[in-house]
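A quick write-up on the structure given underneath.
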Amino acid sequence: METPVQHPDESRRDFLKFILGGSVLAWIVSVLYPIFAYLKPPKQNEVEVSSVKVGLLKDIEKDSGQIVKFGTKPVILIRTANGDLRAFSAACTHLECTVQYRKDYGMIWCACHNGKYDLNGRNVSGPPPRPLDEYRVVVQGEEVSISKKS
Amino acid sequence: MKRKLFYLGLFCTVIFLPAQSLLADDQCISCHTNTVGDKQSELFKHDIHFKKGISCADCHGGNSKLEDMDAAMNPKEGFIGVPKGDNISKTCAHCHADPEKMKKYGSSLPTNQWESLQSSVHGKLSTTGKEHITQCVTCHDSHGIVSVKNSASPVFPLNVVKTCTKCHANASFMQTYNPAMPVDQLDKYRTSVHGVRNRNGDPKPAQCASCHGSHDIRGIKDVKSSVYATNIPTTCSKCHSNAEYMKQYKIPTDQYEKFARSEHGKALLQKHDVGAPACNDCHGNHGATPPGVESVSKVCGTCHALNADLFSSSPHKKAFDERKLPECETCHSNHEIVAATDKLLGVGSEAVCSRCHQTNQNVKGYAVAKTMRSLIDSLEFMEQNAEMLVNESEQRGMEISEAKFKLRDVRQARLQSRTMVHSFNEQKFHDVVGKGMTAASIVQGEAQASIDEYYFRRKGLGVATLIITIFTISLYLYIRRLERKQNKKVI
């Protein structure tokens, strides 16, 4: 009995079909995966911000305060009358209202319940139960940036 | 009758026999009374220790049975003379810290006083470095010691204040180890209800030891102290929750239960927030007294300052004063202060405004309360809606941090409006709520735009995918056709 001999062209075609089929499969996966991933995004925490640039030192007046967006949280940057820069979380430790700098008091003040903090962030009057969290102020040349304290 | 006399005689024999026999045998007493004639030996005859059969030598050492003074007071006989410094308390502890010895004298006193004193602020601090501030004799005296139940004792409830203030009202002494410590406790105490009753001879109201303890007194910042912020309600309730003890004073005894259920109580006792008020923050500590009608708002205003300021300049101030209504307490209660939710505002069944303002009584206030509630409800609804949209957008992976940041302004306006309620001024209230509503509209708009952008991108992706798929299938079919043509040519 004679065994059938495989034609060399037929063998090459099978190989090409195999490559083509594999490519189609890889294409389907590469198309479907991002689609599903896009349609059902993973639950992720907000992006952690570790540092933000505020601006130039010459633009920050003495005896003033400003709210800086630090990710989704507010930070209050204060430049004291003698030029020191200090930054604290601007979320009042009582009920998380945004605090502000009061030039007339020389203090950090919360408009919601009259909570007061000194310029070191310490709660000195009203309902706040604890001091404001402190942030680090870095001055590089003229550029002022705020970062989280490690 | 004869039997009764017999028992009385037996009792007197048991009580006085040790003292009488001691008096006869004790050469220390004999010599110091008859020859020296000093005060100590005279006082000691009335001392509870003397009556229990304890001799001078038990504290001072030596041999009290020897007539020869030099032999009796010879160090070889264990004579130590007058104990100095910490040795004073150690001498007392020799018996008072030994349960067996105390049992022998028929005492039911606790035997941990020495241990407690050592761990107390008095037993830890020293001004000279040689001895601690307080020894047993500082409070109990040395030779005329009587039971704490005896009104002559310096630690009898009516005498405790005088005993403690020997040091605590002495500014120059207190300066030597704690210059910041007040020395006006006695003056304040005498203004308190406790102090007035104590001065009038009632031993039941609180004196120093009732709140601070006796041997185990700790600093106010020591978490184990009975007057540490979180322990104060329990300390006060020892008496104030005891209906039997408080019966004669005809005041309620449910303050602790009410306080524990209140917002202040939950913050202090459950969350251990030491910034939350305890009993003394409203009533005072040494000058403890219930705040009068006119004082309530000032007391509450020490923390809730803005509310108190707004109330003072509101039309309610005059109305409350005329009716002698306590300002904050009328709406918020005193010990059982519940969370100040929006339910308290308005004219509904749970609203406090409707207690005075009805459709046929104080009508203007009724209308203002109704409007205020409606405004704050609208703001809350808008805030919830904005928050929901921001969350939805965030969940879909969109960058929404700007709107999320602005959402804080909405919440802040809602909180400020709750404070502004105390102005009872519709226009001012409307201004604050209006700011919140504007911020909420902006956040809603930004979040909705972000969500719309998401759906636009999703549709775009679908269309692009469809186009690519059609293109690929076409390409595949075209290649197949080319193959077939090639095969036919080969055949």
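Within each chain, counting starts at residue 1; across the structure tokens, chains are named A, B, ... in the order shown, with ligands numbered 1 upward in that order.
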**Q.** Contacts of Ala464 (chain B) at 12 Å (only C-alpha atoms; same-chain gap of 6+ positions) as a list in words
**A.** Val31 and Ile35 of chain A; Arg457, Arg458, Ile470 and Phe471 of chain B
(Q) Residues of chain A were defined as contacting chain B if any atom lay at most 6 Å from it, counting only C-alpha atoms; please report them as a ChimeraX atom specification. (A) /A:72,97,112-114,126-127,129
So that I have them on file, write out the residues from the current selection with C-alpha atoms, as a PDB file, in the first residue's frame.
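Produced file part.pdb, reproduced below:
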ATOM      1  CA  THR A  72      -8.991  67.823  44.616  1.00  0.00           C
ATOM      2  CA  CYS A  97     -15.136  74.006  55.183  1.00  0.00           C
ATOM      3  CA  CYS A 112     -18.661  78.319  58.653  1.00  0.00           C
ATOM      4  CA  HIS A 113     -18.373  78.306  62.446  1.00  0.00           C
ATOM      5  CA  ASN A 114     -15.794  80.979  63.251  1.00  0.00           C
ATOM      6  CA  GLY A 126     -13.892  77.958  68.044  1.00  0.00           C
ATOM      7  CA  PRO A 127     -14.908  74.382  67.311  1.00  0.00           C
ATOM      8  CA  PRO A 129     -10.679  69.962  67.343  1.00  0.00           C
TER       9      PRO A 129
END
Q.
So that I can check the surroundings of Asn170 (chain B), please list as a PyMOL selection string every protein, DNA and RNA residue that reaches within 10 Å of it, counting only C-alpha atoms and ignoring chain neighbours fewer than 3 positions away.
A. chain B and resi 165-167+173-175+182-184
Q) Got a sec: who's within 8 Å of Glu142 (chain A), counting only C-alpha atoms, leaving out chain neighbours fewer than 2 positions off, as a ChimeraX atom specification? A) /A:56-58,139-140,144
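Separating CA of Tyr177 (chain B) from CA of Thr138 (chain B) is a distance of 16.7 Å.
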Q: Identify, with DSSP run on backbone atoms, the residues in region 30-195 of chain B assigned to alpha helix (DSSP H), and express the list as a VMD selection string.
A: chain B and resid 30 to 31 39 to 44 48 to 51 57 to 60 69 to 72 86 to 96 99 to 104 113 to 119 121 to 124 136 to 140 160 to 168 171 to 175 185 to 191 193 to 195
Q: Find the spatial neighbours of Asn82 (chain A), counting only C-alpha atoms, within a cut-off of 12 Å - ignore same-chain residues fewer than 5 positions away - and output them as a ChimeraX atom specification.
A: /A:61-64
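For Ala81 (chain A), the list of residues within 12 Å, based on only C-alpha atoms and with local chain neighbours fewer than 2 positions off taken out, reads Ile60, Glu61, Lys62, Asp63, Ser64, Gly65, Ile78, Arg79, Gly83, Asp84, Leu85, Arg86, Lys103, Gly106, Met107 and Leu119 of chain A.
CA of Val29 (chain A) to CA of Ser450 (chain B) spans 28.7 Å [interatomic distance, one decimal].
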(Q) Need the shell around Asp86 (chain B): protein/DNA/RNA residues with any atom at most 9 Å away, counting only C-alpha atoms. Skip same-chain ones fewer than 6 positions apart. Format as a ChimeraX atom specification? (A) /B:130-132,134-135
